[in-house]
Amino acid sequence: MTDRQYDFPRPDAQVHFGVFFQGVNHHTIWSDPASGSQLDFETFRQVIQTAERGLFDAFFLGEGLRLRESHGRIHDLDVVGRPDAITQLAALAAVTSRIGLVATQNVTYNDPADLARRLASLDALSGGRAAWNIVTTDNAWTGANFRRGGWLDHEQRYERAAEFVQTAQAVWDGGPQGPADRPEAVRVSGSTLDVSVVPTTPRSPQQHPVLFQAGDSPAGRDFAARYAEVIFSAHGSDLDDALAFAQDIRTRTIAAGRPADDLKILPGTGFVIGDTPKEAEEKARWVKEQQVTPATALSLLGQVWGEDLSTYDPDGPLPAHDPVIDTIGETRGSPRRRQAAGDIARQWRARAEAEHLSIRQLVIAEDRSRGFVGTPAAVAERLIEFVRSGATDGCNISPWIVPSGLDDIVDKVVPELQSRGAYRTEYTGTTLREHLGLRPPVTRRDAGEPAAAVVAR
Amino acid sequence: MPTDQLHVGIEVDGAGAHPAAWRIDPDAARDALGGAGIRRAVAAAENGGATFVTIDDSLTPPATGPATRLDAVVRAAFVAPTTSRLGLVPLVHPATVEPFHLASQLGGLDHATAGRAGWLVGAGPVPGARRALDRPVAEGADLLAETADVIEVVRALWDSWEDDAVIRDTATGRYIDRDRLHAVDFVSGGTGATAGPALRTVPDGVRAPFSVKGPSIVPRSPQGHAVVFAREGTVPAGAADVVLVGFNADRPTAAPDVTGAATVLDLPVTLDTPAATAAQRRADLDGLASDGAGAGFVGSAGDLVELLRGLRGVVTGVRILPSVLWTDLPIVVRDVLPALRVDRAVPIPRPGATLRDTLGLGRPANLFAASGSTR
Ligand SMILES: Cc1cc2nc3c(=O)[nH]c(=O)nc-3n(C[C@H](O)[C@H](O)[C@H](O)COP(=O)(O)O)c2cc1C
């Protein structure tokens, strides 16, 4: 924490919540008796209905197109296996009426004609509540599940994303608006695709599905600045870091010819709520211990060392030898960022020695909590600080347990935000675009309104 | 496999199965722009006691008529929570969807319906698909081979997780037993370039091979496999669970020559109404647009009841294709199905039963578990 004073350039800004169901990483606790099925529709129904009761903007599903591996074998310590995102969201659309439905979908291993149609179908059936979280994973290891294989050069991933999105926008703009319509084919040609698509899907009440983007590289940020309407970031726990990220995004958004507030920022964030500060801290410690099991501690250590360390004693000391890899984050499907393995190993050993920590204690100490711990009032104040200083527009909450993980937030944090005038007290619109306070899609703005320079060819 | 009871399925896409239906009933075509139409149609079918509905689809619009149509799997999923007994069987064409995604989507539908999903395997050419997908799309004999391969790999992906793969073993910290997950390592037939950017430039008429590594990203579903429906002659013997056979007006109750699968007779239906006879209605429709599927049954509700009674023991079921959905479906539900229920000619699906249970199909053994292979 810092004692720096922050300006509130947006004194009336409102906090927006989404819920991310649910990380396939060790932050998701499956071992507790309260942890429900990761597949039964009932679990999803309960979470989304709790979120809607809490007036959330959106319910969010992630996607990975190949099961994670560690050291050449399927990773077995974390939650794995989830329903197809658009299919599941269509079912959830039928048991909700207002909340947005966000599907993470990849541009390298989908066809724009098919995906644009599926997203528009979800948008039409839900009455304008669909969104697409655009991701670009392009490695050949994932490609082994698809007709084209690993066909795309990594440097071209956002070129593909841009051409894909332009196609989708053109298909959505060109769709039939009445029952007897037969639209013209939409033709888009670029370096990664050359397609001609006859649109079959109508525009929904929000015109286009809302576009989210998750990806943090400079190219990813530029892509977001041009095309996205919400960015799902990983910068939501440290206010200085979040402000720097937001400033960077705003600069890029303006450079892309759009108003700075055209792109909302919702970082993925975890919450631990307690009725007293002490209770919250104790609960946070318990959560961390559930997340970093002995086996997970050895697995996370093994990611840094680049080898299988599962036979080590988790309550014993760190390995004495150096990592066998230069760079971590190469593990297939691993969420870790690329970093120099030797540096991390040296830091970890130094800290373990100085503080007399076992492997598991060290991994727990190093496992950065990505979020907010505290009483409902304290967490509400902190969220308002983030939003009113312009660092974020709220967050995309990752509950560490389902289906109960949102209960404290909806029942305790939301009322604290509402009493401070920083959270809606009812839905004022019916579409996701309205909930988020977004303008019409960039391709559908009237002349005179600020729009992106980008129009589908 | 036919019993003395006859299963009834109903096709519920759009304004009706006749290509001119939308001109008779523009309101139904307008309902197809959102969720109201499909929700109402499946409610009518379920309340009427049907075993399943099929939902027709195509990536590209039909040659004539309105272009508007929402994705069939998405529509099926949308009505999953508002139904409890009805099988939901969207059409997905094997040549226009990635096999890996197809397996995930239908596996997901089976989870969302607690075991009521089916897959109607699309057949025939899809005009415009090559230009829409920027890659060759199999046709003719290649399409038959491609379809067989796609069904095989999709079934393998559905088996790539054994039923008990999620173990949640707190003692060892393992969520899954990874030995119960299996790569499928499938390679299709075909010639020439496989993966890669080169796929875009493969000439028409050449079938490019594809491969799928696996395992699926979706665990095995309640039914193990969604029930695979396919038209006779579009898949190899034994590849489908249910074979759809055409209606022969000259020999309406002749037994189909199909082995190794349940049989369902595809029956276009145009019924008498107080305002017009079925024959008049059919002539009006055919005057607006010609229907390649054949007239099927044209007559009174009472005669349809008699025909269906006569099909007991001949086929496992019929799939009624209402010419004009909101003219013919209500009559089927009000005057045809109740008459058949009275003498137990049709089964009444139980809430919570899987589609396989209702149809009397077994739950498929797992390809990998049965062979004892461990990855
Ligand atoms: C917060 C966050 C969540 C993400 N979630 C997913 C996901 O569910 N599925 C996925 O395939 N990629 C996900 N990604 C990453 C994307 O794969 C991204 O396209 C990839 O990292 C490449 O982009 P980059 O090089 O700009 O980071 C996520 C990224 C971030 C920052």
# chains A, B, ... in the order shown; residues from 1 in each chain; ligands from 1
>>> residues_near_ligand(ligand="ligand 1", cutoff="8 Å", atoms="only C-alpha atoms and all ligand atoms", output="MDAnalysis selection string")
chainID A and resid 23 61:65 104:106 134:138 157 213:221 232:234 267:268
>>> residues_around(residues="Val95 in chain A", least_positions_apart="2", cutoff="9 Å", atoms="only C-alpha atoms", output="list in words")
Arg45, Ile48, Gln49, Ala91, Leu92, Ala93 and Ser97 of chain A; Pro81 and Thr82 of chain B
>>> select_by_dssp(residues="range 26-71 of chain B", states="helix (DSSP H, G or I)", output="PyMOL selection string")
chain B and resi 26-31+36-47
>>> closest_residue(among="B:Gly196, B:Gly108, B:Pro256, B:Gly34", to="Leu89 in chain A", atoms="only C-alpha atoms")
B:Gly108
>>> atom_distance(atom1="CA of Gly54 in chain A", atom2="CA of Gly36 in chain A")
20.4 Å
>>> closest_residue(among="B:Val242, B:Val228, B:Ala20, B:Val264", to="Thr64 in chain B", atoms="only C-alpha atoms")
B:Ala20
>>> closest_residue(among="B:Leu106, B:Phe52, B:Ala129, B:Asp4", to="Ala113 in chain A", atoms="only C-alpha atoms")
B:Ala129
>>> residues_around(residues="range 160-176 of chain B", least_positions_apart="6", cutoff="7 Å", atoms="only C-alpha atoms", output="list in words")
Ser31, Asp76, Leu77, Asp78, Val79, Thr293 and Ala295 of chain A; His182, Ala183, Val184, Pro215, Ser216, Pro219, Arg220, Asn366 and Ala369 of chain B
>>> write_last_selection(atoms="C-alpha atoms", output="compact mmCIF listing (two decimals), in the first residue's frame")
# COMPACT_ATOMS: atom_id res chain seq x y z
CA SER A 31 -11.12 -29.13 -2.41
CA ASP A 76 -3.94 -32.41 -12.93
CA LEU A 77 -3.90 -30.16 -9.86
CA ASP A 78 -6.31 -27.41 -10.96
CA VAL A 79 -9.87 -27.29 -12.17
CA THR A 293 -1.82 -27.07 -1.65
CA ALA A 295 1.20 -30.44 -4.57
CA HIS B 182 -6.86 -39.57 -23.59
CA ALA B 183 -5.39 -37.97 -26.64
CA VAL B 184 -7.44 -38.94 -29.70
CA PRO B 215 -8.39 -34.58 -25.47
CA SER B 216 -11.59 -32.53 -25.54
CA PRO B 219 -15.59 -33.58 -19.90
CA ARG B 220 -17.70 -36.56 -20.98
CA ASN B 366 -16.05 -45.48 -23.76
CA ALA B 369 -11.86 -47.15 -21.16
>>> atom_distance(atom1="CA of Thr358 in chain B", atom2="CA of Arg319 in chain B")
15.2 Å
>>> closest_residue(among="B:Gly128, B:Pro61, B:Gly287, B:Pro90", to="Ala21 in chain B", atoms="only C-alpha atoms")
B:Gly287
>>> select_by_dssp(residues="range 242-349 of chain B", states="strand (DSSP E)", output="list of chain:residue names")
B:Val242, B:Val243, B:Leu244, B:Val245, B:Ala262, B:Thr263, B:Val264, B:Leu265, B:Asp266, B:Leu267, B:Pro268, B:Val269, B:Thr270, B:Leu271, B:Phe297, B:Val298, B:Gly299, B:Gly317, B:Val318, B:Arg319, B:Ile320, B:Leu321, B:Pro322
>>> write_last_selection(atoms="N, CA and C atoms", output="tab-separated table (two decimals), in the first residue's frame")
chain	number	residue	atom	x	y	z
B	242	VAL	N	-29.39	-43.00	-34.93
B	242	VAL	CA	-30.74	-42.94	-35.49
B	242	VAL	C	-30.61	-42.59	-36.96
B	243	VAL	N	-31.21	-43.41	-37.82
B	243	VAL	CA	-31.17	-43.14	-39.26
B	243	VAL	C	-32.53	-42.61	-39.70
B	244	LEU	N	-32.51	-41.45	-40.35
B	244	LEU	CA	-33.73	-40.84	-40.87
B	244	LEU	C	-33.97	-41.38	-42.27
B	245	VAL	N	-35.15	-41.97	-42.49
B	245	VAL	CA	-35.46	-42.54	-43.80
B	245	VAL	C	-36.57	-41.73	-44.45
B	262	ALA	N	-31.59	-47.24	-34.82
B	262	ALA	CA	-33.02	-46.92	-34.76
B	262	ALA	C	-33.40	-46.19	-36.05
B	263	THR	N	-34.65	-46.35	-36.48
B	263	THR	CA	-35.08	-45.69	-37.71
B	263	THR	C	-36.19	-44.70	-37.42
B	264	VAL	N	-36.08	-43.56	-38.06
B	264	VAL	CA	-37.11	-42.53	-37.91
B	264	VAL	C	-37.53	-42.09	-39.31
B	265	LEU	N	-38.82	-42.13	-39.53
B	265	LEU	CA	-39.35	-41.78	-40.85
B	265	LEU	C	-39.55	-40.27	-40.94
B	266	ASP	N	-38.97	-39.66	-41.96
B	266	ASP	CA	-39.14	-38.22	-42.18
B	266	ASP	C	-40.46	-37.98	-42.88
B	267	LEU	N	-41.36	-37.25	-42.24
B	267	LEU	CA	-42.71	-37.13	-42.76
B	267	LEU	C	-43.15	-35.67	-42.87
B	268	PRO	N	-43.04	-35.09	-44.08
B	268	PRO	CA	-43.62	-33.76	-44.27
B	268	PRO	C	-45.14	-33.86	-44.05
B	269	VAL	N	-45.71	-32.88	-43.37
B	269	VAL	CA	-47.13	-32.95	-43.01
B	269	VAL	C	-47.84	-31.65	-43.34
B	270	THR	N	-48.93	-31.77	-44.10
B	270	THR	CA	-49.82	-30.63	-44.35
B	270	THR	C	-51.22	-31.09	-43.98
B	271	LEU	N	-51.88	-30.38	-43.07
B	271	LEU	CA	-53.14	-30.86	-42.51
B	271	LEU	C	-54.33	-29.99	-42.92
B	297	PHE	N	-47.30	-36.37	-46.15
B	297	PHE	CA	-48.70	-36.61	-45.80
B	297	PHE	C	-49.50	-35.33	-46.01
B	298	VAL	N	-50.60	-35.45	-46.76
B	298	VAL	CA	-51.50	-34.32	-46.99
B	298	VAL	C	-52.90	-34.83	-46.68
B	299	GLY	N	-53.53	-34.35	-45.60
B	299	GLY	CA	-54.85	-34.88	-45.27
B	299	GLY	C	-55.32	-34.41	-43.91
B	317	GLY	N	-39.61	-44.31	-34.91
B	317	GLY	CA	-40.33	-43.05	-34.74
B	317	GLY	C	-40.55	-42.37	-36.06
B	318	VAL	N	-41.24	-41.23	-35.99
B	318	VAL	CA	-41.39	-40.37	-37.16
B	318	VAL	C	-40.90	-38.99	-36.78
B	319	ARG	N	-40.41	-38.30	-37.80
B	319	ARG	CA	-40.10	-36.89	-37.60
B	319	ARG	C	-41.09	-36.11	-38.46
B	320	ILE	N	-41.97	-35.38	-37.80
B	320	ILE	CA	-42.97	-34.59	-38.51
B	320	ILE	C	-42.34	-33.27	-38.92
B	321	LEU	N	-42.45	-32.97	-40.22
B	321	LEU	CA	-41.95	-31.70	-40.75
B	321	LEU	C	-43.17	-30.87	-41.11
B	322	PRO	N	-43.65	-30.02	-40.19
B	322	PRO	CA	-44.88	-29.27	-40.46
B	322	PRO	C	-44.64	-28.29	-41.61
>>> interface_residues(of="chain A", to="chain B", cutoff="6 Å", atoms="only C-alpha atoms", output="ChimeraX atom specification")
/A:31,41,76-78,81-84,87,90-91,94,113,118,121,124-125,144-145,147-149,151,179-182,195-197,200-201,295
>>> closest_residue(among="B:Glu152, B:Asp13, B:Glu232, B:Asp142", to="Asp56 in chain B", atoms="only C-alpha atoms")
B:Asp13
>>> atom_distance(atom1="CA of Gly260 in chain B", atom2="CA of Val8 in chain B")
20.1 Å
>>> residues_around(residues="range 353-367 of chain A", least_positions_apart="6", cutoff="6 Å", atoms="only C-alpha atoms", output="list in words")
Ala297, Pro314, Asp315, Gly316, Pro317 and Leu318 of chain A
>>> closest_residue(among="B:Val121, B:Pro330, B:Gly48, B:Gly292", to="Ala239 in chain B", atoms="only C-alpha atoms")
B:Val121
>>> residues_around(residues="range 164-176 of chain A", least_positions_apart="4", cutoff="8 Å", atoms="only C-alpha atoms", output="count of residues only")
32
>>> residues_around(residues="range 251-255 of chain B", least_positions_apart="4", cutoff="8 Å", atoms="only C-alpha atoms", output="count of residues only")
6
>>> residues_around(residues="range 336-348 of chain B", least_positions_apart="2", cutoff="10 Å", atoms="only C-alpha atoms", output="PyMOL selection string")
chain B and resi 3-8+45-46+48-51+85+300-306+308-312+317+329-334+350-351+358-359
>>> decode(residues="range 32-59 of chain B", atoms="N, CA, C and O atoms", output="PDB file, in the first residue's frame")
ATOM      1  N   ALA B  32     -38.466 -15.411 -35.698  1.00  0.00           N
ATOM      2  CA  ALA B  32     -37.168 -16.069 -35.834  1.00  0.00           C
ATOM      3  C   ALA B  32     -36.020 -15.074 -35.648  1.00  0.00           C
ATOM      4  O   ALA B  32     -34.871 -15.466 -35.522  1.00  0.00           O
ATOM      5  N   LEU B  33     -36.324 -13.774 -35.635  1.00  0.00           N
ATOM      6  CA  LEU B  33     -35.278 -12.776 -35.391  1.00  0.00           C
ATOM      7  C   LEU B  33     -34.853 -12.751 -33.926  1.00  0.00           C
ATOM      8  O   LEU B  33     -33.853 -12.144 -33.577  1.00  0.00           O
ATOM      9  N   GLY B  34     -35.628 -13.336 -33.042  1.00  0.00           N
ATOM     10  CA  GLY B  34     -35.270 -13.363 -31.621  1.00  0.00           C
ATOM     11  C   GLY B  34     -35.545 -14.741 -31.046  1.00  0.00           C
ATOM     12  O   GLY B  34     -35.567 -15.729 -31.777  1.00  0.00           O
ATOM     13  N   GLY B  35     -35.772 -14.803 -29.731  1.00  0.00           N
ATOM     14  CA  GLY B  35     -35.916 -16.100 -29.079  1.00  0.00           C
ATOM     15  C   GLY B  35     -37.350 -16.578 -28.932  1.00  0.00           C
ATOM     16  O   GLY B  35     -37.592 -17.726 -28.556  1.00  0.00           O
ATOM     17  N   ALA B  36     -38.329 -15.700 -29.238  1.00  0.00           N
ATOM     18  CA  ALA B  36     -39.726 -16.035 -28.933  1.00  0.00           C
ATOM     19  C   ALA B  36     -40.211 -17.249 -29.718  1.00  0.00           C
ATOM     20  O   ALA B  36     -40.869 -18.135 -29.167  1.00  0.00           O
ATOM     21  N   GLY B  37     -39.863 -17.298 -30.998  1.00  0.00           N
ATOM     22  CA  GLY B  37     -40.382 -18.363 -31.850  1.00  0.00           C
ATOM     23  C   GLY B  37     -39.911 -19.731 -31.409  1.00  0.00           C
ATOM     24  O   GLY B  37     -40.716 -20.664 -31.239  1.00  0.00           O
ATOM     25  N   ILE B  38     -38.626 -19.886 -31.209  1.00  0.00           N
ATOM     26  CA  ILE B  38     -38.096 -21.207 -30.858  1.00  0.00           C
ATOM     27  C   ILE B  38     -38.610 -21.630 -29.481  1.00  0.00           C
ATOM     28  O   ILE B  38     -38.935 -22.792 -29.251  1.00  0.00           O
ATOM     29  N   ARG B  39     -38.726 -20.669 -28.583  1.00  0.00           N
ATOM     30  CA  ARG B  39     -39.185 -21.017 -27.235  1.00  0.00           C
ATOM     31  C   ARG B  39     -40.628 -21.532 -27.268  1.00  0.00           C
ATOM     32  O   ARG B  39     -40.972 -22.518 -26.635  1.00  0.00           O
ATOM     33  N   ARG B  40     -41.466 -20.858 -28.063  1.00  0.00           N
ATOM     34  CA  ARG B  40     -42.861 -21.247 -28.164  1.00  0.00           C
ATOM     35  C   ARG B  40     -42.989 -22.614 -28.853  1.00  0.00           C
ATOM     36  O   ARG B  40     -43.789 -23.448 -28.444  1.00  0.00           O
ATOM     37  N   ALA B  41     -42.182 -22.833 -29.881  1.00  0.00           N
ATOM     38  CA  ALA B  41     -42.292 -24.087 -30.635  1.00  0.00           C
ATOM     39  C   ALA B  41     -41.879 -25.289 -29.775  1.00  0.00           C
ATOM     40  O   ALA B  41     -42.551 -26.321 -29.788  1.00  0.00           O
ATOM     41  N   VAL B  42     -40.786 -25.155 -29.025  1.00  0.00           N
ATOM     42  CA  VAL B  42     -40.375 -26.315 -28.221  1.00  0.00           C
ATOM     43  C   VAL B  42     -41.332 -26.532 -27.060  1.00  0.00           C
ATOM     44  O   VAL B  42     -41.569 -27.672 -26.655  1.00  0.00           O
ATOM     45  N   ALA B  43     -41.911 -25.460 -26.546  1.00  0.00           N
ATOM     46  CA  ALA B  43     -42.896 -25.630 -25.468  1.00  0.00           C
ATOM     47  C   ALA B  43     -44.095 -26.414 -25.992  1.00  0.00           C
ATOM     48  O   ALA B  43     -44.587 -27.345 -25.334  1.00  0.00           O
ATOM     49  N   ALA B  44     -44.554 -26.059 -27.197  1.00  0.00           N
ATOM     50  CA  ALA B  44     -45.693 -26.781 -27.775  1.00  0.00           C
ATOM     51  C   ALA B  44     -45.329 -28.248 -27.993  1.00  0.00           C
ATOM     52  O   ALA B  44     -46.117 -29.154 -27.690  1.00  0.00           O
ATOM     53  N   ALA B  45     -44.137 -28.498 -28.512  1.00  0.00           N
ATOM     54  CA  ALA B  45     -43.727 -29.874 -28.787  1.00  0.00           C
ATOM     55  C   ALA B  45     -43.605 -30.676 -27.490  1.00  0.00           C
ATOM     56  O   ALA B  45     -44.050 -31.827 -27.408  1.00  0.00           O
ATOM     57  N   GLU B  46     -43.011 -30.066 -26.460  1.00  0.00           N
ATOM     58  CA  GLU B  46     -42.845 -30.801 -25.205  1.00  0.00           C
ATOM     59  C   GLU B  46     -44.191 -31.062 -24.536  1.00  0.00           C
ATOM     60  O   GLU B  46     -44.476 -32.176 -24.081  1.00  0.00           O
ATOM     61  N   ASN B  47     -45.022 -30.024 -24.489  1.00  0.00           N
ATOM     62  CA  ASN B  47     -46.329 -30.210 -23.862  1.00  0.00           C
ATOM     63  C   ASN B  47     -47.175 -31.218 -24.626  1.00  0.00           C
ATOM     64  O   ASN B  47     -47.992 -31.919 -24.041  1.00  0.00           O
ATOM     65  N   GLY B  48     -46.967 -31.279 -25.942  1.00  0.00           N
ATOM     66  CA  GLY B  48     -47.705 -32.240 -26.748  1.00  0.00           C
ATOM     67  C   GLY B  48     -47.200 -33.663 -26.598  1.00  0.00           C
ATOM     68  O   GLY B  48     -47.827 -34.592 -27.101  1.00  0.00           O
ATOM     69  N   GLY B  49     -46.061 -33.845 -25.937  1.00  0.00           N
ATOM     70  CA  GLY B  49     -45.548 -35.194 -25.694  1.00  0.00           C
ATOM     71  C   GLY B  49     -44.562 -35.696 -26.732  1.00  0.00           C
ATOM     72  O   GLY B  49     -44.280 -36.885 -26.788  1.00  0.00           O
ATOM     73  N   ALA B  50     -44.023 -34.809 -27.558  1.00  0.00           N
ATOM     74  CA  ALA B  50     -43.025 -35.246 -28.535  1.00  0.00           C
ATOM     75  C   ALA B  50     -41.771 -35.739 -27.811  1.00  0.00           C
ATOM     76  O   ALA B  50     -41.470 -35.319 -26.696  1.00  0.00           O
ATOM     77  N   THR B  51     -41.033 -36.643 -28.463  1.00  0.00           N
ATOM     78  CA  THR B  51     -39.786 -37.149 -27.892  1.00  0.00           C
ATOM     79  C   THR B  51     -38.629 -36.188 -28.154  1.00  0.00           C
ATOM     80  O   THR B  51     -37.757 -36.004 -27.312  1.00  0.00           O
ATOM     81  N   PHE B  52     -38.628 -35.589 -29.349  1.00  0.00           N
ATOM     82  CA  PHE B  52     -37.515 -34.691 -29.665  1.00  0.00           C
ATOM     83  C   PHE B  52     -37.961 -33.657 -30.688  1.00  0.00           C
ATOM     84  O   PHE B  52     -38.984 -33.837 -31.368  1.00  0.00           O
ATOM     85  N   VAL B  53     -37.191 -32.571 -30.776  1.00  0.00           N
ATOM     86  CA  VAL B  53     -37.331 -31.627 -31.889  1.00  0.00           C
ATOM     87  C   VAL B  53     -35.999 -31.564 -32.623  1.00  0.00           C
ATOM     88  O   VAL B  53     -34.933 -31.725 -32.025  1.00  0.00           O
ATOM     89  N   THR B  54     -36.079 -31.352 -33.932  1.00  0.00           N
ATOM     90  CA  THR B  54     -34.868 -31.043 -34.674  1.00  0.00           C
ATOM     91  C   THR B  54     -34.924 -29.573 -35.060  1.00  0.00           C
ATOM     92  O   THR B  54     -36.003 -28.979 -35.159  1.00  0.00           O
ATOM     93  N   ILE B  55     -33.745 -28.975 -35.243  1.00  0.00           N
ATOM     94  CA  ILE B  55     -33.651 -27.558 -35.594  1.00  0.00           C
ATOM     95  C   ILE B  55     -32.747 -27.462 -36.814  1.00  0.00           C
ATOM     96  O   ILE B  55     -31.533 -27.653 -36.725  1.00  0.00           O
ATOM     97  N   ASP B  56     -33.349 -27.180 -37.945  1.00  0.00           N
ATOM     98  CA  ASP B  56     -32.605 -27.136 -39.206  1.00  0.00           C
ATOM     99  C   ASP B  56     -31.672 -25.918 -39.216  1.00  0.00           C
ATOM    100  O   ASP B  56     -31.921 -24.927 -38.522  1.00  0.00           O
ATOM    101  N   ASP B  57     -30.626 -25.996 -40.018  1.00  0.00           N
ATOM    102  CA  ASP B  57     -29.671 -24.884 -40.051  1.00  0.00           C
ATOM    103  C   ASP B  57     -28.746 -25.004 -41.248  1.00  0.00           C
ATOM    104  O   ASP B  57     -28.643 -26.058 -41.884  1.00  0.00           O
ATOM    105  N   SER B  58     -28.096 -23.896 -41.546  1.00  0.00           N
ATOM    106  CA  SER B  58     -27.030 -23.881 -42.547  1.00  0.00           C
ATOM    107  C   SER B  58     -26.195 -22.629 -42.308  1.00  0.00           C
ATOM    108  O   SER B  58     -26.734 -21.588 -41.945  1.00  0.00           O
ATOM    109  N   LEU B  59     -24.900 -22.765 -42.533  1.00  0.00           N
ATOM    110  CA  LEU B  59     -24.020 -21.595 -42.386  1.00  0.00           C
ATOM    111  C   LEU B  59     -24.411 -20.502 -43.371  1.00  0.00           C
ATOM    112  O   LEU B  59     -24.328 -19.318 -43.071  1.00  0.00           O
TER     113      LEU B  59
END
